[in-house]
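Here's the structure, in structure tokens; my notes come after.
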Amino acid sequence: MTTSPFDSTLERREAATLGMWAFLATEVLFFGPLFFGYVHGRLASPDAFVAGSHHMHIVLGTLNTAILMTSSLTMALGVRAARTGSGSLKTMLTLTALLGLTFLGVKGSEYWMEAKEVANASGAELQFYFLYFAMTGLHALHMTIGLGVIAWLWRHARGFGRHYHAPVEVSGLYWHFVDIVWVFLYPMFYLLERYSA
Amino acid sequence: MSTPSPNGWGYLGEGYTLRSWLTTHDHKRIAILYMVAITAFFFLGGAAAALMRLELATPAGDVVSATTYNKLFTIHGVIMVWFFLIPSIPSVLGNFLVPLMIGARDMAFPRLNLASWYFYVVGGLFTLGALVAGGVDTGWTFYTPYSTRFSDTNVLLVLVGVFIVGFSSILTGLNIVVTVHKLRAPGLTWFRLPLFIWANYATSLILLLATPVLAMTLTLVALERLFKVGIFDPALGGDPLLFQHLFWFYSHPAVYIMILPAMGVASEIIPCFARRTVFGYRFMAYAILGIASIGFLVWGHHMFVSGQSMYAGMVFSLLSFLVAIPSAIKVFNWTATLYKGSIYFSAPMLYALGFVGLFTIGGLTGLFLASLALDVHLTDTYFVIAHFHYIMVGGSVMAYLGAIHFWWPKISGRMYPETMGRIAALTIFFGFNLTFFPQYLLGWLGMPRRYHEYPPELQVLNLFSSAGAAVLAIGYLLPLLYLGWSLFFGRRAPDNPWQATGLEWQTSSPPPQHNFEQQPRVERGPYDYQPVR
Amino acid sequence: MSYVLTWLGLMILLALTFASSYLPMGAWNTVANTGISCAKALLIALFFMHLRNAGALLRIVALAGLLWLTLLFGLSWTDFGTRTLSPAPWSSR
């Protein structure tokens, strides 16, 4: 019933890519105030933040970072598979999803262990934990949405190929962005003065 | 150039059921969905204002209690800012006109466009829910720690409502940016674009970059209210100025979201009814971008007396003076456009000229407020209220109404009654000045804002203001009535009743569903007018 | 292939940031970690997100969010950086 406003698939794909990048810019500004709150809090109470960071599970956090970055690799390979029609799209999507789920599982177990610490915290250390839960929680929410998108792509994987792959490309952009956010969160929460832990 | 569609009513004739409207992907129908919704909210916000002016007609706080009065100005602000002004021109006229003006069949993402309207409606429902549940008394600015700790009203509901309507803003902005980049007709280079497009494009950049910050800030207020975390509340180790910096980082650019599209409208109407090309087109376009950019650098001028550092105050004061420059360039250029023109005082022209004058006054008083020393005296008084109402109402609302009248034939296929249009425009202009000019004087005399009572010696000015509000109310009701009338009894509109330039006038009134029978090619710049000799 | 190389680079940077956090460098730890995070982000953006082959428009959009965040941080710093925070005695800091 609706005619596409575009004259070609290429035009449509370019528009979709521009749209996704613009959306990612809004996401940067959505996470921004939280980063701002972190900088503000850390400058005001550096010791409390260090104390909070020492309660983080550095091995799990580092492992998770590796897992997430690997999922970015598999996602990028998936996007390439969609572009070239090579046939490994579904495999790559599955791997990405599995890595993503593993990440969330590890995160969940960390939350479980940290909940007790938080209950006893107060003052600026509580602020650290709040920022930790808020920022990693928001990140996890974005990842969950990303997993939903991947599931959708998986279901429609047969429809993508050289002629039409914009949805896979823009979903890839989204997934990589979520990875980039984590890349910044990791040192902010896990790596404060590790040498004195 | 345009063949009328089968039943002669273009996109309006493509389906008469409610379902065809609620599931449409057509940007023109979505624009009308927005128009209906924002009109409803405008009158609701106006009702709150009417009650406030009723209270303020006498010095004693005898009509409503102080708490109720707080709830009134809060809901007035929340509704007028987020549910009327911000969506008004971009989501109604932007949605309708952007594809038409650039020769496209629709916006880049029609389904996201429809989704943006639903986000608006859901956000509106949450806000109405807060109203029904007893209202909110924090002011539209949600200052902490009152909003996070002390207010026992339905703050969370409003926060959710505003958060959701923020998605509407972001999606609209996204659509406009991508559409303008990717769907321009062949030959339509950036510097051949109508200034309305430049204005809505710049506005969309602000919508994209500022709104997410508000969304997160309001989320943090909600989280602090729920979990007593301690980000903004000093008693819990938080910093109220952190809230203010984050809030105003969005809310100052938000006022540019409200005025830039209005400037775009003025740049369409004035050349048409002066029969002259706009003076200094490139400067007008650069000024739009300048206002949008510098507008992001001035937010601290809302915080001069908040405890902010004096040095920050000086920086923000200087930057606030700077933003007046591109605004002034625009005012000079509109005025110069009139020189040696053949001026026709149609209703849209009356609105546009009123816009230029009232915006100038409002803008100049902004310079008063940007001066640190003066602001210490004037902040939180009626001077501030008069300043922003001159710009928001004298500026944006007048431009919105001017736009609705100017493009009414294109949107509805009907002409509105011209005499009624002029009477309404003049009534509004008169009522507006009677309402808000006395408020400058009241502010100078020290009357604080957000108070429901005041010393008796200020009553005369307050009475003028309340009387003006009554006139203004009549003025706003008139278009509602005669525009509605015109839908059934108005003269059938030709393709180009104003002999205006612009691609939207090259297609039928109303346009067919896909806007153009053939994709237009553009060979000339905009505003190709010749004055009548 | 460039994807796998990028991944390798990311892993090396991760090892670097993890290891360097055990070296007592004071404020420089933060500088190093932030720098490494930026490097990782750049690798992901340029190679995984194809910014390396993208036109000027996409690159500008990609930078816009960061630039605006810088405005928020920078201009707020004119306030927070030029006064001492004096919490009230009853504030729990």
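Chain lettering (A, B, ...) mirrors the order of the structure tokens, residue numbering begins at 1 for each chain separately, and ligand numbering begins at 1 in order of display.
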
task: Just the residues within 12 Å of Ala19 of chain C, please, counting only C-alpha atoms, with nothing from its chain fewer than 3 positions along; format it as a count of residues only.
output: 20

Check: which chain B residues lie within 9 Å of chain C using only C-alpha atoms, as a ChimeraX atom specification: /B:209-210,233-239,242,245-246,249,296-298,300,308-313,315-316

message: Please find the residues of chain A near chain C - the criterion being any atom within 6 Å, counting only C-alpha atoms - and write them as JSON, numbers by chain.
response: {"A": [25, 28, 76, 123, 173, 180, 183, 184, 191, 194, 195]}

Would you save the residues from that selection as a compact mmCIF listing (two decimals), in the first residue's frame, using C-alpha atoms?
```txt
# COMPACT_ATOMS: atom_id res chain seq x y z
CA ALA A 25 24.73 9.68 18.18
CA VAL A 28 26.01 8.60 23.04
CA ALA A 76 31.17 -8.22 11.61
CA GLY A 123 27.68 7.69 50.98
CA LEU A 173 26.31 -1.02 13.75
CA ILE A 180 32.10 0.32 22.44
CA VAL A 183 34.88 -0.89 26.33
CA PHE A 184 34.63 2.37 28.28
CA LEU A 191 40.36 -1.10 37.04
CA ARG A 194 44.06 -2.43 41.07
CA TYR A 195 47.60 -2.30 42.38
```

Which chain B residues are at most 8 Å from chain A (counting only C-alpha atoms), as a PDB file with N, CA and C atoms, in the first residue's frame?
```
ATOM      1  N   HIS B  25       0.833   5.424   6.674  1.00  0.00           N
ATOM      2  CA  HIS B  25       2.264   5.693   6.607  1.00  0.00           C
ATOM      3  C   HIS B  25       2.496   7.029   5.907  1.00  0.00           C
ATOM      4  N   ASP B  26       1.415   7.691   5.505  1.00  0.00           N
ATOM      5  CA  ASP B  26       1.504   8.924   4.732  1.00  0.00           C
ATOM      6  C   ASP B  26       1.884  10.081   5.648  1.00  0.00           C
ATOM      7  N   ALA B 104       9.965  14.955  -2.680  1.00  0.00           N
ATOM      8  CA  ALA B 104      10.001  13.525  -2.363  1.00  0.00           C
ATOM      9  C   ALA B 104       8.599  12.957  -2.210  1.00  0.00           C
ATOM     10  N   ARG B 105       8.499  11.637  -2.246  1.00  0.00           N
ATOM     11  CA  ARG B 105       7.195  10.985  -2.126  1.00  0.00           C
ATOM     12  C   ARG B 105       6.743  10.870  -0.678  1.00  0.00           C
ATOM     13  N   ASP B 106       7.711  10.758   0.221  1.00  0.00           N
ATOM     14  CA  ASP B 106       7.381  10.634   1.648  1.00  0.00           C
ATOM     15  C   ASP B 106       8.666  10.869   2.421  1.00  0.00           C
ATOM     16  N   MET B 107       8.573  10.765   3.729  1.00  0.00           N
ATOM     17  CA  MET B 107       9.774  10.866   4.556  1.00  0.00           C
ATOM     18  C   MET B 107      10.608   9.592   4.364  1.00  0.00           C
ATOM     19  N   ALA B 108      11.844   9.627   4.853  1.00  0.00           N
ATOM     20  CA  ALA B 108      12.738   8.477   4.691  1.00  0.00           C
ATOM     21  C   ALA B 108      12.214   7.239   5.409  1.00  0.00           C
ATOM     22  N   LEU B 174      15.162  12.476  13.553  1.00  0.00           N
ATOM     23  CA  LEU B 174      15.898  11.509  12.747  1.00  0.00           C
ATOM     24  C   LEU B 174      15.351  11.463  11.325  1.00  0.00           C
ATOM     25  N   ASN B 175      14.029  11.408  11.240  1.00  0.00           N
ATOM     26  CA  ASN B 175      13.382  11.332   9.935  1.00  0.00           C
ATOM     27  C   ASN B 175      13.704  12.551   9.086  1.00  0.00           C
ATOM     28  N   VAL B 178      17.530  12.583   7.875  1.00  0.00           N
ATOM     29  CA  VAL B 178      17.827  11.624   6.807  1.00  0.00           C
ATOM     30  C   VAL B 178      17.083  11.990   5.529  1.00  0.00           C
ATOM     31  N   THR B 179      15.842  12.434   5.665  1.00  0.00           N
ATOM     32  CA  THR B 179      15.064  12.809   4.487  1.00  0.00           C
ATOM     33  C   THR B 179      15.728  13.942   3.721  1.00  0.00           C
ATOM     34  N   LYS B 182      18.930  12.673   1.998  1.00  0.00           N
ATOM     35  CA  LYS B 182      18.888  11.597   1.003  1.00  0.00           C
ATOM     36  C   LYS B 182      17.783  11.687  -0.043  1.00  0.00           C
ATOM     37  N   LEU B 183      16.767  12.539   0.171  1.00  0.00           N
ATOM     38  CA  LEU B 183      15.627  12.457  -0.732  1.00  0.00           C
ATOM     39  C   LEU B 183      15.335  13.742  -1.502  1.00  0.00           C
ATOM     40  N   LEU B 208      17.908  15.713  18.001  1.00  0.00           N
ATOM     41  CA  LEU B 208      18.692  14.491  18.134  1.00  0.00           C
ATOM     42  C   LEU B 208      19.732  14.586  19.231  1.00  0.00           C
ATOM     43  N   LEU B 209      20.382  15.741  19.340  1.00  0.00           N
ATOM     44  CA  LEU B 209      21.519  15.828  20.254  1.00  0.00           C
ATOM     45  C   LEU B 209      21.126  16.199  21.676  1.00  0.00           C
ATOM     46  N   ALA B 210      20.022  16.928  21.839  1.00  0.00           N
ATOM     47  CA  ALA B 210      19.680  17.401  23.183  1.00  0.00           C
ATOM     48  C   ALA B 210      18.720  16.478  23.926  1.00  0.00           C
ATOM     49  N   THR B 211      17.713  15.946  23.208  1.00  0.00           N
ATOM     50  CA  THR B 211      16.652  15.194  23.876  1.00  0.00           C
ATOM     51  C   THR B 211      17.160  13.998  24.686  1.00  0.00           C
ATOM     52  N   PRO B 212      18.150  13.234  24.183  1.00  0.00           N
ATOM     53  CA  PRO B 212      18.588  12.092  24.982  1.00  0.00           C
ATOM     54  C   PRO B 212      19.139  12.487  26.351  1.00  0.00           C
ATOM     55  N   VAL B 213      19.743  13.666  26.433  1.00  0.00           N
ATOM     56  CA  VAL B 213      20.275  14.108  27.720  1.00  0.00           C
ATOM     57  C   VAL B 213      19.130  14.330  28.700  1.00  0.00           C
ATOM     58  N   ALA B 215      16.262  12.801  28.579  1.00  0.00           N
ATOM     59  CA  ALA B 215      15.716  11.493  28.909  1.00  0.00           C
ATOM     60  C   ALA B 215      16.490  10.871  30.062  1.00  0.00           C
ATOM     61  N   MET B 216      17.805  10.912  29.979  1.00  0.00           N
ATOM     62  CA  MET B 216      18.609  10.313  31.051  1.00  0.00           C
ATOM     63  C   MET B 216      18.470  11.102  32.344  1.00  0.00           C
ATOM     64  N   THR B 217      18.447  12.429  32.243  1.00  0.00           N
ATOM     65  CA  THR B 217      18.337  13.251  33.457  1.00  0.00           C
ATOM     66  C   THR B 217      17.040  12.960  34.185  1.00  0.00           C
ATOM     67  N   VAL B 229      18.990   7.345  45.967  1.00  0.00           N
ATOM     68  CA  VAL B 229      20.382   7.043  45.689  1.00  0.00           C
ATOM     69  C   VAL B 229      21.384   8.096  46.122  1.00  0.00           C
ATOM     70  N   GLY B 230      21.088   9.343  45.824  1.00  0.00           N
ATOM     71  CA  GLY B 230      22.068  10.353  46.239  1.00  0.00           C
ATOM     72  C   GLY B 230      22.892  10.906  45.114  1.00  0.00           C
ATOM     73  N   ILE B 231      22.255  11.192  43.968  1.00  0.00           N
ATOM     74  CA  ILE B 231      23.008  11.838  42.893  1.00  0.00           C
ATOM     75  C   ILE B 231      22.758  13.332  42.953  1.00  0.00           C
ATOM     76  N   LEU B 236      21.821  13.331  50.703  1.00  0.00           N
ATOM     77  CA  LEU B 236      22.322  11.979  50.462  1.00  0.00           C
ATOM     78  C   LEU B 236      23.694  12.024  49.809  1.00  0.00           C
ATOM     79  N   GLY B 237      24.314  13.179  49.811  1.00  0.00           N
ATOM     80  CA  GLY B 237      25.638  13.293  49.206  1.00  0.00           C
ATOM     81  C   GLY B 237      25.621  13.671  47.742  1.00  0.00           C
ATOM     82  N   LEU B 242      24.387  19.471  39.700  1.00  0.00           N
ATOM     83  CA  LEU B 242      24.569  18.456  38.663  1.00  0.00           C
ATOM     84  C   LEU B 242      23.274  18.310  37.869  1.00  0.00           C
ATOM     85  N   LEU B 246      22.668  19.313  33.810  1.00  0.00           N
ATOM     86  CA  LEU B 246      22.149  18.323  32.873  1.00  0.00           C
ATOM     87  C   LEU B 246      20.802  18.754  32.313  1.00  0.00           C
ATOM     88  N   HIS B 514       1.023  10.339  -3.182  1.00  0.00           N
ATOM     89  CA  HIS B 514       2.476  10.300  -3.374  1.00  0.00           C
ATOM     90  C   HIS B 514       3.047  11.652  -3.784  1.00  0.00           C
TER      91      HIS B 514
END
```

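Remark: for Met69 of chain A, the closest of the candidate residues C:Ser2, C:Gly9, C:Leu46, C:Ala56 is C:Gly9 (distances computed over only C-alpha atoms).
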
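Omitting Ile288 of chain B and its sequence neighbours fewer than 3 positions away, and counting only C-alpha atoms, the residues within 8 Å are Trp198, Ala199, Ala202, Leu260, Met284, Ala285, Ile291, Ala292 and Pro326 of chain B.
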
Selection export as an mmCIF file, in the first residue's frame, atoms kept: C-alpha atoms:
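Output saved as result.cif:
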```cif
data_model
loop_
_atom_site.group_PDB
_atom_site.id
_atom_site.type_symbol
_atom_site.label_atom_id
_atom_site.label_comp_id
_atom_site.auth_asym_id
_atom_site.auth_seq_id
_atom_site.Cartn_x
_atom_site.Cartn_y
_atom_site.Cartn_z
ATOM 1 C CA TRP B 198 17.064 24.701 6.725
ATOM 2 C CA ALA B 199 15.214 25.678 9.871
ATOM 3 C CA ALA B 202 18.782 22.539 12.217
ATOM 4 C CA LEU B 260 13.934 27.947 14.733
ATOM 5 C CA MET B 284 19.841 33.427 6.787
ATOM 6 C CA ALA B 285 20.892 29.804 6.356
ATOM 7 C CA ILE B 291 21.702 29.760 16.407
ATOM 8 C CA ALA B 292 21.465 25.986 16.641
ATOM 9 C CA PRO B 326 22.585 35.468 14.306
#
```

- prompt: Just how far from atom CA of Pro90 of chain B is atom CA of Gly357 of chain B, in Å to one decimal?
  reply: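 So the two atoms, atom CA of Gly357 of chain B and atom CA of Pro90 of chain B, lie 22.4 Å apart.
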
task: Rounded to one decimal place, report the atom CA of Ala352 of chain B-atom CA of Gly395 of chain B distance in Å.
output: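 Spanning atom CA of Ala352 of chain B to atom CA of Gly395 of chain B is a straight-line distance of 8.8 Å.
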
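Taking atom CA of Trp248 of chain B and atom CA of Thr144 of chain B as endpoints, the distance between them is 13.0 Å.
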
- request: From a DSSP calculation on the backbone, collect every residue of chain C in helix (DSSP H, G or I) and output the set as a ChimeraX atom specification.
  value: /C:2-20,27-48,51-53,56-80
